[in-house]
2 protein chains.
Amino acid sequence: MKVALAQLNYHIGNFEENSEKIIAEIKKGSAEGADLVVFSELAICGYPPRDFLEFEDFIKKCDAAIEKIAAHCQSVSALVGAPIKNNASKGKPLFNAAYFLAEGKIQKVFKKTLLPTYDIFDEYRYFEPNTSFELLEFKGQKIAVSICEDIWNIGNENPKYVTCPLDEMNAQEADLIVNLSASPFDYQQVKMRKQILKANNLRYNTPAIYVNHVGAQTELIFDGCSLVTNKSGEVIRQLASFEEDFEIIDTEKLDNDSNGDFPEREKIAQIHDALVLGIKDYFRKLGLKKAILGLSGGIDSALTLVLAERALGKENVRAVLMPSGFSSGHSVSDSVALAENLGVQYDNINIQELFDTYLKALKPFFEGLQFDVAEENLQARTRGVLLMALSNKFGNILLNTTNKSEAAVGYGTLYGDMCGGLAVLGDVYKTEVYELSRYINQEEEIIPENIITKAPSAELRPDQKDSDSLPDYEILDKLLYQYIEKRKGPRELIEAGFEPALVKTVLRMVNTTEYKRFQSAPILRVSPKAFGMGRRMPLVGRYLS
Amino acid sequence: MKVALAQLNYHIGNFEENSEKIIAEIKKGSAEGADLVVFSELAICGYPPRDFLEFEDFIKKCDAAIEKIAAHCQSVSALVGAPIKNNASKGKPLFNAAYFLAEGKIQKVFKKTLLPTYDIFDEYRYFEPNTSFELLEFKGQKIAVSICEDIWNIGNENPKYVTCPLDEMNAQEADLIVNLSASPFDYQQVKMRKQILKANNLRYNTPAIYVNHVGAQTELIFDGCSLVTNKSGEVIRQLASFEEDFEIIDTEKLDNDSNGDFPEREKIAQIHDALVLGIKDYFRKLGLKKAILGLSGGIDSALTLVLAERALGKENVRAVLMPSGFSSGHSVSDSVALAENLGVQYDNINIQELFDTYLKALKPFFEGLQFDVAEENLQARTRGVLLMALSNKFGNILLNTTNKSEAAVGYGTLYGDMCGGLAVLGDVYKTEVYELSRYINQEEEIIPENIITKAPSAELRPDQKDSDSLPDYEILDKLLYQYIEKRKGPRELIEAGFEPALVKTVLRMVNTTEYKRFQSAPILRVSPKAFGMGRRMPLVGRYLS
């Protein structure tokens, strides 16, 4: 049997485009002799459709698209992910399903059993779990059709779940496991998926075909990397990372048909490509082209500019330098050097007069009081207003340049440097910002060396340095990682060797600045625990604060 | 048997304060002859604790607090809501539980079966559902101990769930149903709860004691209104709305002990009290006292100011008038009249010079281009920056004044009038803003009549009116209600009599401005469907857009 893996970039709710893409791949599969074309989870509507699923109109559009696609499945069959109504009187109103389409119509529907409801996932919000199991018989083969999380409970040993759908469907009897996925990228995920597939291969002595979503949906980036593994768990095929791909494999030849050993790429290279795709798809799917950002002379905005230029092209990116009296000379010269290296448009607007005009307007209130965070934030906000004015006038979307370390401790000005439609580096710790910049410079100096080596500073008061109010980023990032990614409490952190006073200070900073992150731009997710929809914290609480 | 209902205002994660409050009520119950004191759901840590539940440290603190409280249950027993570890090897790591504390220790644990995972609820993210059922035997009585949602599946007819815990625990055998709740307010909820309790009373021929949370937790407002109903479903007691309360009832005397018929208050009166509590608790629980807001002369900021004054006291509220050249004379005079009626501090900062300075800084870029949304937003953002500068300098938290109609259609400036720590009216449609203002003025003219009767205008360009770009609010709000609260699609809306062109325009406005609401301040929730955590939409989608 010849199976095509159709790894596509869907657009949430864009039924016309998604259907056209699916139909095109069905035609291609048919032309190239495939028996079955496999698409990813919820391909019909894109993943995650979120509360659109609560609109009957939306579900009807899914149904109509499936009918339309089914009509094209004549010489070739297809497995397509889509929501389907739960017609029982009990349970959630939908199932997360895989339609088997053949001979021009819907032949069978397979439903997802394990509904991830943790981190960024909310599937139990919408879907009822499947409870009936069977194999798909097709071309004399028995296929275990599964959807994403369904293969992540090997032998029922994943504590999250009480059912093992592949055991239930008796996958030992199967000739092939097929999995329709929408598995978002993080820098550990490619490796994890291979381990999970291998465990399934070995447990059921069965090869597997795994078709993943590709493309970014606001915060979530899907990396593709669809896989074919043989019954020993060896990777036989790996489809492209971060782009659409299509491949046909012959299930008869899986044991002796490996075309490589597909090592995982370096973490930083993966993050780089994910961020570029994240920017690119955010713009493309919103029908936008042009970005703008403030170039401060620091490393965060420098890196963001490079990533934006790679995603959108130099002609679509505009940098604005906005020095004040507190800005050092190198802030401007380094920024100019970077913009010229990249060939992007840059402009210079000195904010001193605006800052002075604000101080004058506020003089009746501020007179006699010390310069403090109010005046610091005024400068950041003046810059935010200028960038948004240019954004509104010319349609360039403002990119936010806040990194994860800053976002964590609240080192940023709401409505100032926290402005922007998309936070490019919000899931990238400061130490990783350096690594990414080094990665970008590995062939040639794109980001001027001085930007990488200078001490980080917000330049909002004379001689300010990040290190005045924050611990060294090497230590801070390790501590933040243990608290945010690993959810370690204060005692565990101290036992792990962090200074008790530092633990207290940093945890307090994180927990008392939740209100800032609440209003943050959406953050491109590249780690297993990003700020945003995957980390839901009370704003008004009193815990470690 | 004498049962005390302890309706308390908890603070999320503030174990010390929550425990002290609980212990004080246990002592009071003991002193006043109660046999059992009932607290609400997750009382120990406050509701909703959200991802704090993923920290082992947090759960240990819950455990320690329960142990401490148990020691105080000597002459009196207690039912206290708390999370508890799931010690089984399978399933989610926690249960949502009710501890029965007696004779100085933990005697029994009852677990929640129905885990709401819709709208604002994420319980299946954290909790494993209960599957074993029994009654509590205490003082010769059999008690069906249930937690919140557990009583919301009468006879297993709620399609969301497949189990009816009260049927399972054979509540027919029970002498009393006790329910520990954290049921957030919306203007339909008081009535709904009574209906649900009555249905349980009648089905099991058993009286019920229902103890709800009170107090606001950022967006969510808990109204209290704890209830005692007899086996005919009549309300025997209703505790205070929007404040703490404590009452002891004798379960022997439920049939002939009604002290009133407790009609529901008017929707607008309920919303008014909810918003006042929402503001009050946001400030108190964050350790803040003082608010600031921009007073435009329009009805939204006027109403917000009145609510803030009622929540925080006139000495803690500061209003700022920020007219520009586009502001009408009455904007200032009406604002002054209102501030003087309330006795709150107000200041006037003319933004014209700042606006002109921005235009000068942007002249190299804007020259020759038309005045458009860029210049309009500049004014709104200049005001935002001034308010935030005063906020930063004096510690007054900025209140956002955006109403739900504006939030829905994106009629607001990001980082301008969308600034603020808390969106007071973000779940109140414009037509309800008028109703609330009339309600406030029913005894005397607090909000100057001219503010209520003038045509709404953002005053960002000459002679601007909301009606230039928006349909009449009477129609708009009805349409928005059907789309947002009722999730009707375009065909249903047109069938219901809305103009097809209007439906298309308005739905498009809602769906293409999700990016603005994503960065909105938290919104006090008063309706069954508020923007925020209860409505999760893709930003980058293409559906009705």
# chains A, B, ... in the order shown; residues from 1 in each chain; ligands from 1
call {"tool": "interface_residues", "arguments": {"of": "chain B", "to": "chain A", "cutoff": "6 Å", "atoms": "only C-alpha atoms", "output": "ChimeraX atom specification"}}
result
/B:12-14,50-51,55,57,90-92,117-118,125,159-161,218,374,389,392-393,415,487,489,519-520,536-537,540-543
call {"tool": "write_last_selection", "arguments": {"atoms": "C-alpha atoms", "output": "tab-separated table (two decimals), in the first residue's frame"}}
result
chain	number	residue	atom	x	y	z
B	12	ILE	CA	-5.81	33.27	46.45
B	13	GLY	CA	-2.64	31.75	47.88
B	14	ASN	CA	-2.82	33.75	51.11
B	50	ARG	CA	-5.19	28.25	38.43
B	51	ASP	CA	-1.65	27.02	37.69
B	55	PHE	CA	3.40	23.71	42.23
B	57	ASP	CA	4.98	23.70	47.21
B	90	LYS	CA	-3.27	7.18	37.16
B	91	GLY	CA	-5.17	10.35	36.40
B	92	LYS	CA	-4.65	14.04	37.00
B	117	THR	CA	-14.27	22.84	31.79
B	118	TYR	CA	-16.01	25.52	29.76
B	125	ARG	CA	-6.77	20.94	33.58
B	159	PRO	CA	-25.71	16.97	28.43
B	160	LYS	CA	-22.22	18.02	29.52
B	161	TYR	CA	-21.82	15.13	31.93
B	218	THR	CA	-9.45	39.76	39.48
B	374	ALA	CA	-2.81	57.70	13.35
B	389	ALA	CA	2.98	58.84	34.51
B	392	ASN	CA	3.72	55.56	38.39
B	393	LYS	CA	4.58	58.69	40.36
B	415	TYR	CA	-2.04	51.75	24.67
B	487	ARG	CA	-22.96	32.31	19.75
B	489	GLY	CA	-23.83	32.52	13.37
B	519	GLN	CA	-3.98	42.95	25.29
B	520	SER	CA	-6.92	44.33	27.27
B	536	ARG	CA	-10.87	32.05	23.86
B	537	MET	CA	-10.50	33.00	20.26
B	540	VAL	CA	-4.85	34.75	13.49
B	541	GLY	CA	-7.88	33.22	11.87
B	542	ARG	CA	-10.12	33.81	8.96
B	543	TYR	CA	-13.67	33.19	9.99
call {"tool": "residues_around", "arguments": {"residues": "A:Ser331", "least_positions_apart": "3", "cutoff": "7 Å", "atoms": "only C-alpha atoms", "output": "VMD selection string"}}
result
chain A and resid 296 to 297 327 to 328 334 to 335
call {"tool": "residues_around", "arguments": {"residues": "B:Glu41", "least_positions_apart": "4", "cutoff": "8 Å", "atoms": "only C-alpha atoms", "output": "number ranges by chain"}}
result
B: 47, 80-82, 97-98, 147-148, 180-182, 212-213
call {"tool": "atom_distance", "arguments": {"atom1": "atom CA of A:Asn205", "atom2": "atom CA of A:Thr113"}}
result
21.5 Å
call {"tool": "residues_around", "arguments": {"residues": "B:Ile84", "least_positions_apart": "4", "cutoff": "7 Å", "atoms": "only C-alpha atoms", "output": "JSON, numbers by chain"}}
result
{"B": [94, 95, 96, 97]}
call {"tool": "closest_residue", "arguments": {"among": "B:Ser232, B:Thr431, B:Thr401, B:Ser132", "to": "B:Leu307", "atoms": "only C-alpha atoms"}}
result
B:Thr401
call {"tool": "residues_around", "arguments": {"residues": "B:Glu315", "least_positions_apart": "6", "cutoff": "9 Å", "atoms": "only C-alpha atoms", "output": "compact mmCIF listing (two decimals) with all heavy atoms, in the first residue's frame"}}
result
# COMPACT_ATOMS: atom_id res chain seq x y z
N LYS B 290 -5.35 53.52 45.93
CA LYS B 290 -5.75 54.69 45.16
C LYS B 290 -5.89 54.42 43.67
O LYS B 290 -5.07 53.74 43.06
CB LYS B 290 -4.70 55.79 45.36
CG LYS B 290 -4.64 56.30 46.80
CD LYS B 290 -3.62 57.41 46.95
CE LYS B 290 -2.21 56.92 46.67
NZ LYS B 290 -1.22 57.99 46.70
N GLU B 309 -15.45 55.59 43.16
CA GLU B 309 -15.65 56.37 44.39
C GLU B 309 -16.40 55.53 45.40
O GLU B 309 -16.07 55.53 46.59
CB GLU B 309 -16.39 57.67 44.04
CG GLU B 309 -16.59 58.62 45.20
CD GLU B 309 -17.90 58.37 45.93
OE1 GLU B 309 -18.88 57.92 45.32
OE2 GLU B 309 -17.95 58.63 47.16
N GLY B 343 -16.97 64.91 45.00
CA GLY B 343 -15.93 65.37 45.92
C GLY B 343 -14.59 64.71 45.70
O GLY B 343 -13.79 64.57 46.63
N VAL B 344 -14.31 64.28 44.47
CA VAL B 344 -13.01 63.66 44.21
C VAL B 344 -12.05 64.69 43.61
O VAL B 344 -12.48 65.65 42.96
CB VAL B 344 -13.11 62.45 43.23
CG1 VAL B 344 -14.09 61.40 43.76
CG2 VAL B 344 -13.48 62.88 41.83
N GLN B 345 -10.77 64.45 43.87
CA GLN B 345 -9.73 65.33 43.31
C GLN B 345 -9.77 65.26 41.79
O GLN B 345 -9.89 64.17 41.21
CB GLN B 345 -8.36 64.86 43.82
CG GLN B 345 -7.20 65.71 43.32
CD GLN B 345 -5.83 65.13 43.70
OE1 GLN B 345 -5.74 64.12 44.41
NE2 GLN B 345 -4.77 65.76 43.23
call {"tool": "atom_distance", "arguments": {"atom1": "atom CA of A:Thr304", "atom2": "atom CA of A:Tyr187"}}
result
18.8 Å
call {"tool": "atom_distance", "arguments": {"atom1": "atom CA of B:Ser405", "atom2": "atom CA of B:Met192"}}
result
25.5 Å
call {"tool": "closest_residue", "arguments": {"among": "B:Lys85, B:Arg203, B:Lys198, B:Lys454", "to": "B:Lys111", "atoms": "only C-alpha atoms"}}
result
B:Lys85
call {"tool": "select_by_dssp", "arguments": {"residues": "stretch 235-482 of chain A", "states": "strand (DSSP E or B)", "output": "MDAnalysis selection string"}}
result
chainID A and resid 235:238 241 245:250 291:294 317:321 345:348 397:400 422:423
call {"tool": "closest_residue", "arguments": {"among": "B:Gly224, B:Pro448, B:Pro207, B:Pro462", "to": "B:Val336", "atoms": "only C-alpha atoms"}}
result
B:Pro448
call {"tool": "select_by_dssp", "arguments": {"residues": "stretch 18-134 of chain B", "states": "alpha helix (DSSP H)", "output": "VMD selection string"}}
result
chain B and resid 18 to 31 56 to 70
